[in-house]
file coords_17.cif (mmCIF, C-alpha atoms)
data_coords
#
loop_
_atom_site.label_atom_id
_atom_site.label_comp_id
_atom_site.auth_asym_id
_atom_site.auth_seq_id
_atom_site.Cartn_x
_atom_site.Cartn_y
_atom_site.Cartn_z
CA MET W 11 0.00 0.00 0.00
CA ASN W 12 1.58 3.24 -1.13
CA GLU W 13 0.68 6.37 0.73
CA PRO W 14 0.27 9.41 -1.49
CA SER W 15 3.47 11.46 -1.38
CA ARG W 16 3.29 14.34 1.05
CA SER W 17 4.80 17.58 0.00
CA THR W 18 4.49 21.19 0.84
CA ARG W 19 5.86 24.46 -0.45
CA LEU W 20 8.12 26.91 1.31
CA GLY W 21 5.39 29.55 1.28
CA ASN W 22 3.31 27.45 3.69
CA LEU W 23 6.09 27.69 6.28
CA ALA W 24 7.81 31.02 5.73
CA HIS W 25 7.76 34.56 4.43
CA ALA W 26 10.43 35.94 2.11
CA ARG W 27 11.65 39.22 0.70
CA SER W 28 14.48 39.84 -1.70
CA GLY W 29 16.69 42.54 -3.13
CA ASP W 30 19.98 43.15 -4.86
CA LYS W 31 23.59 44.02 -4.23
CA GLY W 32 25.36 44.31 -7.55
CA ASP W 33 24.80 41.09 -9.48
CA ARG W 34 23.92 39.24 -6.28
CA SER W 35 20.46 38.48 -5.11
CA ASN W 36 19.72 38.53 -1.43
CA ILE W 37 16.72 36.54 -0.21
CA GLY W 38 15.62 36.74 3.39
CA VAL W 39 13.45 33.82 4.50
CA VAL W 40 11.70 34.03 7.85
CA ALA W 41 10.04 30.87 9.15
CA ARG W 42 6.61 31.27 10.69
CA ASP W 43 7.68 29.80 14.04
CA ALA W 44 10.39 27.80 15.77
CA ALA W 45 8.97 24.47 14.60
CA ALA W 46 8.92 25.60 10.99
CA TYR W 47 12.49 26.86 11.30
CA ALA W 48 13.66 23.58 12.80
CA TRP W 49 11.96 21.63 10.03
CA LEU W 50 13.37 23.84 7.29
CA GLU W 51 16.92 23.98 8.62
CA PRO W 52 18.06 20.60 7.19
CA ARG W 53 15.86 20.90 4.06
CA LEU W 54 16.22 24.46 2.83
CA THR W 55 19.86 23.94 1.97
CA GLU W 56 22.19 25.83 -0.35
CA ALA W 57 22.08 22.92 -2.80
CA ALA W 58 18.27 22.70 -2.76
CA VAL W 59 17.84 26.43 -3.33
CA ALA W 60 20.47 26.37 -6.10
CA GLU W 61 18.65 23.55 -7.83
CA PHE W 62 15.26 25.29 -7.62
CA LEU W 63 16.62 28.58 -9.00
CA ARG W 64 18.78 26.91 -11.67
CA PRO W 65 16.72 28.29 -14.62
CA LEU W 66 17.97 31.78 -13.68
CA GLY W 67 21.53 30.81 -14.57
CA ILE W 68 22.79 31.55 -11.07
CA GLY W 69 26.21 31.04 -9.51
CA THR W 70 27.07 30.01 -5.96
CA VAL W 71 24.40 30.03 -3.27
CA ARG W 72 25.47 30.85 0.27
CA ARG W 73 23.18 30.41 3.26
CA TYR W 74 23.48 32.30 6.53
CA VAL W 75 21.39 31.11 9.46
CA LEU W 76 19.78 33.43 11.99
CA PRO W 77 18.25 30.92 14.42
CA ARG W 78 17.22 33.44 17.06
CA ILE W 79 14.82 35.09 14.62
CA HIS W 80 13.98 31.78 12.85
CA ALA W 81 15.43 33.09 9.60
CA PHE W 82 17.82 32.35 6.77
CA ASN W 83 19.60 34.74 4.48
CA PHE W 84 20.55 33.46 1.03
CA VAL W 85 23.13 35.30 -1.04
CA ILE W 86 23.11 34.16 -4.65
CA GLU W 87 25.91 35.07 -7.05
CA HIS W 88 25.24 36.06 -10.66
CA ALA W 89 21.51 36.04 -10.09
CA LEU W 90 20.51 39.23 -11.88
CA ALA W 91 21.93 39.00 -15.41
CA GLY W 92 24.49 41.71 -14.69
CA GLY W 93 22.97 43.57 -11.77
CA ALA W 94 20.47 46.33 -11.25
CA SER W 95 22.04 48.94 -13.49
CA ARG W 96 23.04 46.61 -16.36
CA SER W 97 20.48 43.82 -16.45
CA LEU W 98 18.07 43.69 -19.37
CA ARG W 99 15.49 41.83 -17.30
CA PHE W 100 12.35 43.54 -16.13
CA ASP W 101 13.13 42.51 -12.56
CA THR W 102 16.59 44.07 -12.46
CA GLN W 103 16.71 44.09 -8.67
CA GLY W 104 15.54 40.53 -8.09
CA LYS W 105 12.54 41.82 -6.18
CA ALA W 106 10.52 38.82 -7.34
CA MET W 107 13.02 36.20 -6.20
CA GLY W 108 11.76 35.92 -2.63
CA THR W 109 8.20 35.37 -3.79
CA ILE W 110 9.41 32.88 -6.39
CA LEU W 111 11.36 30.94 -3.76
CA LEU W 112 8.16 30.54 -1.73
CA GLU W 113 6.98 28.17 -4.48
CA MET W 114 9.87 25.78 -3.81
CA PRO W 115 8.43 22.31 -3.19
CA LEU W 116 9.65 20.47 -0.13
CA ALA W 117 9.21 16.75 0.36
CA ALA W 118 7.52 16.18 3.65
CA ASP W 119 7.48 12.98 5.69
CA SER W 120 5.01 11.40 8.05
CA SER W 121 6.67 12.98 11.07
CA ASP W 122 6.33 16.55 9.87
CA PRO W 123 3.75 18.78 11.54
CA PHE W 124 2.46 20.36 8.34
CA ALA W 125 -0.51 19.54 6.23
CA PRO W 126 0.35 18.48 2.66
CA ASP W 127 -0.36 21.07 0.02
CA PRO W 128 -2.53 19.57 -2.73
CA ASP W 129 -1.23 22.19 -5.19
CA VAL W 130 2.38 21.03 -4.92
CA THR W 131 3.78 18.13 -6.88
CA SER W 132 6.54 16.16 -5.19
CA PRO W 133 10.06 17.47 -5.85
CA MET D 10 3.93 49.84 -15.21
CA LEU D 11 5.00 47.26 -12.64
CA ALA D 12 4.99 43.47 -12.54
CA VAL D 13 3.51 41.50 -9.68
CA VAL D 14 4.39 37.86 -8.98
CA GLY D 15 3.12 35.26 -6.59
CA ARG D 16 0.01 33.34 -5.71
CA ASP D 17 -2.99 35.61 -6.00
CA ALA D 18 -0.88 37.90 -8.21
CA GLU D 19 -4.01 39.47 -9.65
CA ALA D 20 -5.53 40.28 -6.26
CA LYS D 21 -2.18 41.59 -5.02
CA ALA D 22 -1.77 43.77 -8.12
CA ARG D 23 -5.27 45.25 -7.82
CA ALA D 24 -4.73 45.94 -4.12
CA ALA D 25 -1.36 47.56 -4.90
CA GLY D 26 -2.99 49.75 -7.54
CA GLN D 27 -5.59 50.94 -5.06
CA MET D 28 -2.83 51.49 -2.50
CA ILE D 29 -1.07 53.92 -4.83
CA LEU D 30 -4.26 55.85 -5.49
CA GLU D 31 -5.16 55.92 -1.80
CA ARG D 32 -1.75 57.36 -0.90
CA VAL D 33 -2.23 60.15 -3.43
CA ARG D 34 -5.67 60.82 -1.99
CA ARG D 35 -4.29 60.95 1.55
CA ALA D 36 -1.67 63.44 0.36
CA GLY D 37 -4.59 65.75 -0.34
CA TYR D 38 -5.14 65.31 -4.07
CA ARG D 39 -8.33 64.23 -5.72
CA LEU D 40 -7.57 62.75 -9.11
CA ALA D 41 -10.18 63.40 -11.78
CA ASP D 42 -9.77 60.03 -13.47
CA THR D 43 -7.92 56.85 -12.56
CA LEU D 44 -7.54 53.36 -13.99
CA VAL D 45 -5.97 50.17 -12.62
CA GLU D 46 -5.31 47.46 -15.20
CA CYS D 47 -3.98 43.97 -14.66
CA PHE D 48 -2.43 42.52 -17.82
CA GLY D 49 -2.26 38.75 -17.87
CA ALA D 50 -5.49 38.61 -15.90
CA GLY D 51 -7.74 39.60 -18.77
CA ASP D 52 -7.69 43.40 -18.67
CA VAL D 53 -6.43 43.99 -22.22
CA ALA D 54 -9.60 42.20 -23.26
CA CYS D 55 -11.38 44.39 -20.67
CA GLY D 56 -12.69 41.38 -18.81
CA VAL D 57 -14.58 40.01 -21.81
CA VAL D 58 -12.18 37.07 -21.97
CA ARG D 59 -10.36 35.94 -18.85
CA PRO D 60 -7.51 33.43 -18.37
CA ALA D 61 -8.61 29.89 -17.57
CA ALA D 62 -6.23 29.54 -14.62
CA PRO D 63 -5.16 32.25 -12.17
CA PRO D 64 -1.88 33.77 -13.41
CA PHE D 65 1.26 33.55 -11.25
CA GLU D 66 2.47 36.88 -12.62
CA VAL D 67 0.70 39.92 -14.02
CA VAL D 68 1.61 43.40 -15.23
CA LEU D 69 0.08 46.19 -13.19
CA ARG D 70 -0.61 49.44 -15.01
CA VAL D 71 -1.99 52.41 -13.13
CA THR D 72 -2.92 55.57 -15.04
CA VAL D 73 -4.38 58.88 -13.91
CA ARG D 74 -5.55 62.11 -15.46
CA ASP D 75 -6.11 65.42 -13.72
CA PRO D 76 -6.20 69.10 -14.70
CA GLU D 77 -3.73 69.79 -11.89
CA ARG D 78 -0.20 68.77 -12.84
CA ALA D 79 0.91 68.64 -9.19
CA ALA D 80 -1.63 65.90 -8.48
CA VAL D 81 -0.26 63.76 -11.32
CA GLU D 82 3.32 64.40 -10.19
CA ARG D 83 2.41 63.24 -6.69
CA PHE D 84 1.05 60.05 -8.22
CA CYS D 85 4.28 59.49 -10.20
CA ARG D 86 6.28 59.58 -6.97
CA GLU D 87 4.29 56.69 -5.48
CA LEU D 88 5.47 53.92 -7.82
CA ALA D 89 9.05 53.33 -6.62
CA PRO D 90 8.11 53.22 -2.90
CA LEU D 91 5.65 50.47 -3.71
CA VAL D 92 8.53 48.35 -5.06
CA THR D 93 11.04 49.09 -2.30
CA ALA D 94 8.75 49.38 0.72
CA GLY D 95 5.48 47.79 -0.38
CA PRO D 96 4.32 44.17 -0.47
CA PRO D 97 6.96 41.61 -1.59
CA GLY D 98 6.88 40.45 -5.20
CA ILE D 99 6.36 43.81 -6.89
CA VAL D 100 8.93 44.50 -9.55
CA GLY D 101 10.17 47.02 -12.07
CA TYR D 102 11.07 50.60 -11.32
CA ALA D 103 14.27 50.46 -13.41
CA ALA D 104 12.76 52.76 -16.04
CA GLY D 105 12.70 55.56 -13.47
CA ARG D 106 9.91 57.83 -12.37
CA PRO D 107 7.36 58.53 -15.10
CA THR D 108 6.70 62.14 -16.07
CA PRO D 109 3.22 63.58 -16.62
CA ARG D 110 2.35 64.35 -20.20
CA PRO D 111 -0.51 66.34 -21.67
CA ALA D 112 -3.71 64.42 -22.37
CA PHE D 113 -4.95 65.97 -25.59
CA GLY D 114 -8.57 65.89 -26.50
CA TYR D 115 -9.05 65.80 -30.22
CA TRP D 116 -11.98 67.25 -32.07
CA PRO D 117 -12.77 65.89 -35.50
CA ALA D 118 -14.43 68.78 -37.40
CA LEU D 119 -14.77 70.35 -40.81
CA VAL D 120 -13.46 73.92 -41.34
CA PRO D 121 -13.89 76.15 -44.41
CA ARG D 122 -11.03 75.99 -46.88
CA GLU D 123 -10.21 79.76 -46.81
CA PRO D 124 -8.66 80.08 -43.30
CA ALA D 125 -6.45 77.06 -43.93
CA GLU D 126 -3.12 78.07 -45.45
CA SER D 127 -1.96 75.70 -48.15
CA GLY D 128 1.67 75.42 -49.16
CA VAL D 129 5.04 75.03 -47.43
CA ARG D 130 7.55 77.80 -46.71
CA LEU D 131 11.19 76.93 -46.30
CA ASP D 132 13.60 79.21 -44.50
CA VAL D 133 17.09 77.79 -44.93
CA ARG D 134 19.87 79.72 -43.26
CA THR D 135 23.43 78.97 -42.26
CA ALA D 136 24.40 79.06 -38.60
CA ALA D 137 26.34 82.30 -39.23
CA GLU D 138 23.28 83.98 -40.74
CA TRP D 139 21.19 82.80 -37.78
CA VAL D 140 23.68 84.29 -35.31
CA ALA D 141 23.79 87.56 -37.28
CA ALA D 142 19.99 87.82 -37.12
CA HIS D 143 19.37 86.62 -33.55
CA GLY D 144 22.68 86.93 -31.68
CA GLU D 145 24.64 84.13 -29.99
#
call {"tool": "encode", "arguments": {"input": "coords_17.cif", "output": "structure tokens"}}
result
Amino acid sequence: MNEPSRSTRLGNLAHARSGDKGDRSNIGVVARDAAAYAWLEPRLTEAAVAEFLRPLGIGTVRRYVLPRIHAFNFVIEHALAGGASRSLRFDTQGKAMGTILLEMPLAADSSDPFAPDPDVTSP
Amino acid sequence: MLAVVGRDAEAKARAAGQMILERVRRAGYRLADTLVECFGAGDVACGVVRPAAPPFEVVLRVTVRDPERAAVERFCRELAPLVTAGPPGIVGYAAGRPTPRPAFGYWPALVPREPAESGVRLDVRTAAEWVAAHGE
């Protein structure tokens, strides 16, 4: 008997906001509470974020943890096609990137405290 | 013109459009005419045809018209703050602050031939001649 795969999306567990510094994107992710932070900490990794944002043609992803405010800060190299003043994209400052990251699917397991999101297909 | 991304992008865009107009109103200006459009959500087709599924991203266009230029200029100043200090997922102030431009009414009409001057006059002068006539 196979249980249907449980998965959720980052937006069910966190808020995010993003901006730019040169050609780097800076995404702040704040978990909704301590439990959400603890659950995300081993899952919302540099590698997972890099894989999700791969279509943007990004470079290195660095994660900084801010456990006392249940938050992560991601700094992503070469994320803005040249940076705010040079990029030909509409979103030159990467203002959309935080909201985009909230769509990142996360495989849940039976021990997690979160309801599966029917809109999300398993990663 | 701004872009709005995220779940409920259309609702967020329409709320953001109203937010801009409300801030202008609170600054003491009453705009004679305003329009909030949400491209990608069916507003080019004026709501006659709508997308089958809710869009994840839309273009927000807010336009105003008023006899008082200062009111329109106040409106133009509200777009960038919405990107930097407004709800997350609002994008696109790289083109800079828009400037008000005249909204011409046009009046299709017939006029008698006599008052209308026909022909083209050319006045070709060198730069030196121009300076001699008008000064530096």
call {"tool": "atom_distance", "arguments": {"input": "coords_17.cif", "atom1": "CA of Leu40 (chain D)", "atom2": "CA of Pro107 (chain D)"}}
result
16.6 Å
call {"tool": "resolve_selection", "arguments": {"input": "coords_17.cif", "expression": "the PyMOL selection byres ((chain D) within 12 of (chain W))", "output": "list in words"}}
result
Met10, Leu11, Ala12, Val13, Val14, Gly15, Arg16, Asp17, Ala18, Phe65, Glu66, Val67, Val68, Leu91, Val92, Thr93, Ala94, Gly95, Pro96, Pro97, Gly98, Ile99, Val100, Gly101, Tyr102, Ala103, Ala104 and Gly105 of chain D
call {"tool": "write_last_selection", "arguments": {"input": "coords_17.cif", "atoms": "C-alpha atoms", "output": "CSV table (one decimal), in the frame of the given file"}}
result
chain,number,residue,atom,x,y,z
D,10,MET,CA,3.9,49.8,-15.2
D,11,LEU,CA,5.0,47.3,-12.6
D,12,ALA,CA,5.0,43.5,-12.5
D,13,VAL,CA,3.5,41.5,-9.7
D,14,VAL,CA,4.4,37.9,-9.0
D,15,GLY,CA,3.1,35.3,-6.6
D,16,ARG,CA,0.0,33.3,-5.7
D,17,ASP,CA,-3.0,35.6,-6.0
D,18,ALA,CA,-0.9,37.9,-8.2
D,65,PHE,CA,1.3,33.6,-11.2
D,66,GLU,CA,2.5,36.9,-12.6
D,67,VAL,CA,0.7,39.9,-14.0
D,68,VAL,CA,1.6,43.4,-15.2
D,91,LEU,CA,5.6,50.5,-3.7
D,92,VAL,CA,8.5,48.4,-5.1
D,93,THR,CA,11.0,49.1,-2.3
D,94,ALA,CA,8.8,49.4,0.7
D,95,GLY,CA,5.5,47.8,-0.4
D,96,PRO,CA,4.3,44.2,-0.5
D,97,PRO,CA,7.0,41.6,-1.6
D,98,GLY,CA,6.9,40.4,-5.2
D,99,ILE,CA,6.4,43.8,-6.9
D,100,VAL,CA,8.9,44.5,-9.6
D,101,GLY,CA,10.2,47.0,-12.1
D,102,TYR,CA,11.1,50.6,-11.3
D,103,ALA,CA,14.3,50.5,-13.4
D,104,ALA,CA,12.8,52.8,-16.0
D,105,GLY,CA,12.7,55.6,-13.5
call {"tool": "resolve_selection", "arguments": {"input": "coords_17.cif", "expression": "the PyMOL selection byres ((chain W and resi 58) around 12)", "output": "list of chain:residue names"}}
result
W:Leu20, W:Leu50, W:Glu51, W:Pro52, W:Arg53, W:Leu54, W:Thr55, W:Glu56, W:Ala57, W:Val59, W:Ala60, W:Glu61, W:Phe62, W:Leu63, W:Arg64, W:Thr70, W:Val71, W:Arg72, W:Arg73, W:Phe84, W:Leu111, W:Met114, W:Pro115, W:Leu116, W:Ala117, W:Pro133
call {"tool": "write_last_selection", "arguments": {"input": "coords_17.cif", "atoms": "C-alpha atoms", "output": "JSON list (two decimals), in the frame of the given file"}}
result
[["chain", "number", "residue", "atom", "x", "y", "z"],
["W", 20, "LEU", "CA", 8.12, 26.91, 1.31],
["W", 50, "LEU", "CA", 13.37, 23.84, 7.29],
["W", 51, "GLU", "CA", 16.92, 23.98, 8.62],
["W", 52, "PRO", "CA", 18.06, 20.60, 7.19],
["W", 53, "ARG", "CA", 15.86, 20.90, 4.06],
["W", 54, "LEU", "CA", 16.22, 24.46, 2.83],
["W", 55, "THR", "CA", 19.86, 23.94, 1.97],
["W", 56, "GLU", "CA", 22.19, 25.83, -0.35],
["W", 57, "ALA", "CA", 22.08, 22.92, -2.80],
["W", 59, "VAL", "CA", 17.84, 26.43, -3.33],
["W", 60, "ALA", "CA", 20.47, 26.37, -6.10],
["W", 61, "GLU", "CA", 18.65, 23.55, -7.83],
["W", 62, "PHE", "CA", 15.26, 25.29, -7.62],
["W", 63, "LEU", "CA", 16.62, 28.58, -9.00],
["W", 64, "ARG", "CA", 18.78, 26.91, -11.67],
["W", 70, "THR", "CA", 27.07, 30.01, -5.96],
["W", 71, "VAL", "CA", 24.40, 30.03, -3.27],
["W", 72, "ARG", "CA", 25.47, 30.85, 0.27],
["W", 73, "ARG", "CA", 23.18, 30.41, 3.26],
["W", 84, "PHE", "CA", 20.55, 33.46, 1.03],
["W", 111, "LEU", "CA", 11.36, 30.94, -3.76],
["W", 114, "MET", "CA", 9.87, 25.78, -3.81],
["W", 115, "PRO", "CA", 8.43, 22.31, -3.19],
["W", 116, "LEU", "CA", 9.65, 20.47, -0.13],
["W", 117, "ALA", "CA", 9.21, 16.75, 0.36],
["W", 133, "PRO", "CA", 10.06, 17.47, -5.85]]
call {"tool": "atom_distance", "arguments": {"input": "coords_17.cif", "atom1": "CA of Leu66 (chain W)", "atom2": "CA of Asp52 (chain D)"}}
result
28.6 Å
call {"tool": "closest_residue", "arguments": {"input": "coords_17.cif", "among": "W:Ala91, W:Asn36, W:Arg19, W:His80", "to": "Ala48 (chain W)", "atoms": "only C-alpha atoms"}}
result
W:His80
call {"tool": "axis_aligned_box", "arguments": {"input": "coords_17.cif", "around": "region 51-54 of chain W", "padding_each_side": "4 Å", "output": "JSON"}}
result
{"center_x": 17.0, "center_y": 22.5, "center_z": 5.7, "size_x": 10.2, "size_y": 11.9, "size_z": 13.8}
call {"tool": "closest_residue", "arguments": {"input": "coords_17.cif", "among": "D:Val129, D:Ala142, D:Ile29, D:Ala136", "to": "Leu69 (chain D)", "atoms": "only C-alpha atoms"}}
result
D:Ile29
call {"tool": "atom_distance", "arguments": {"input": "coords_17.cif", "atom1": "CA of Arg42 (chain W)", "atom2": "CA of Pro77 (chain W)"}}
result
12.2 Å
call {"tool": "closest_residue", "arguments": {"input": "coords_17.cif", "among": "D:Gly51, D:Asp42, D:Gly128, D:Thr108", "to": "Ala79 (chain D)", "atoms": "all atoms listed in the file"}}
result
D:Thr108
call {"tool": "resolve_selection", "arguments": {"input": "coords_17.cif", "expression": "the PyMOL selection byres ((chain D and resi 77) around 12)", "output": "ChimeraX atom specification"}}
result
/D:38-42,73-76,78-84,109-112
call {"tool": "residues_around", "arguments": {"input": "coords_17.cif", "residues": "Ile68 (chain W)", "least_positions_apart": "3", "cutoff": "7 Å", "atoms": "all atoms listed in the file", "output": "list in words"}}
result
Arg64, Ile86, Glu87, His88 and Ala89 of chain W
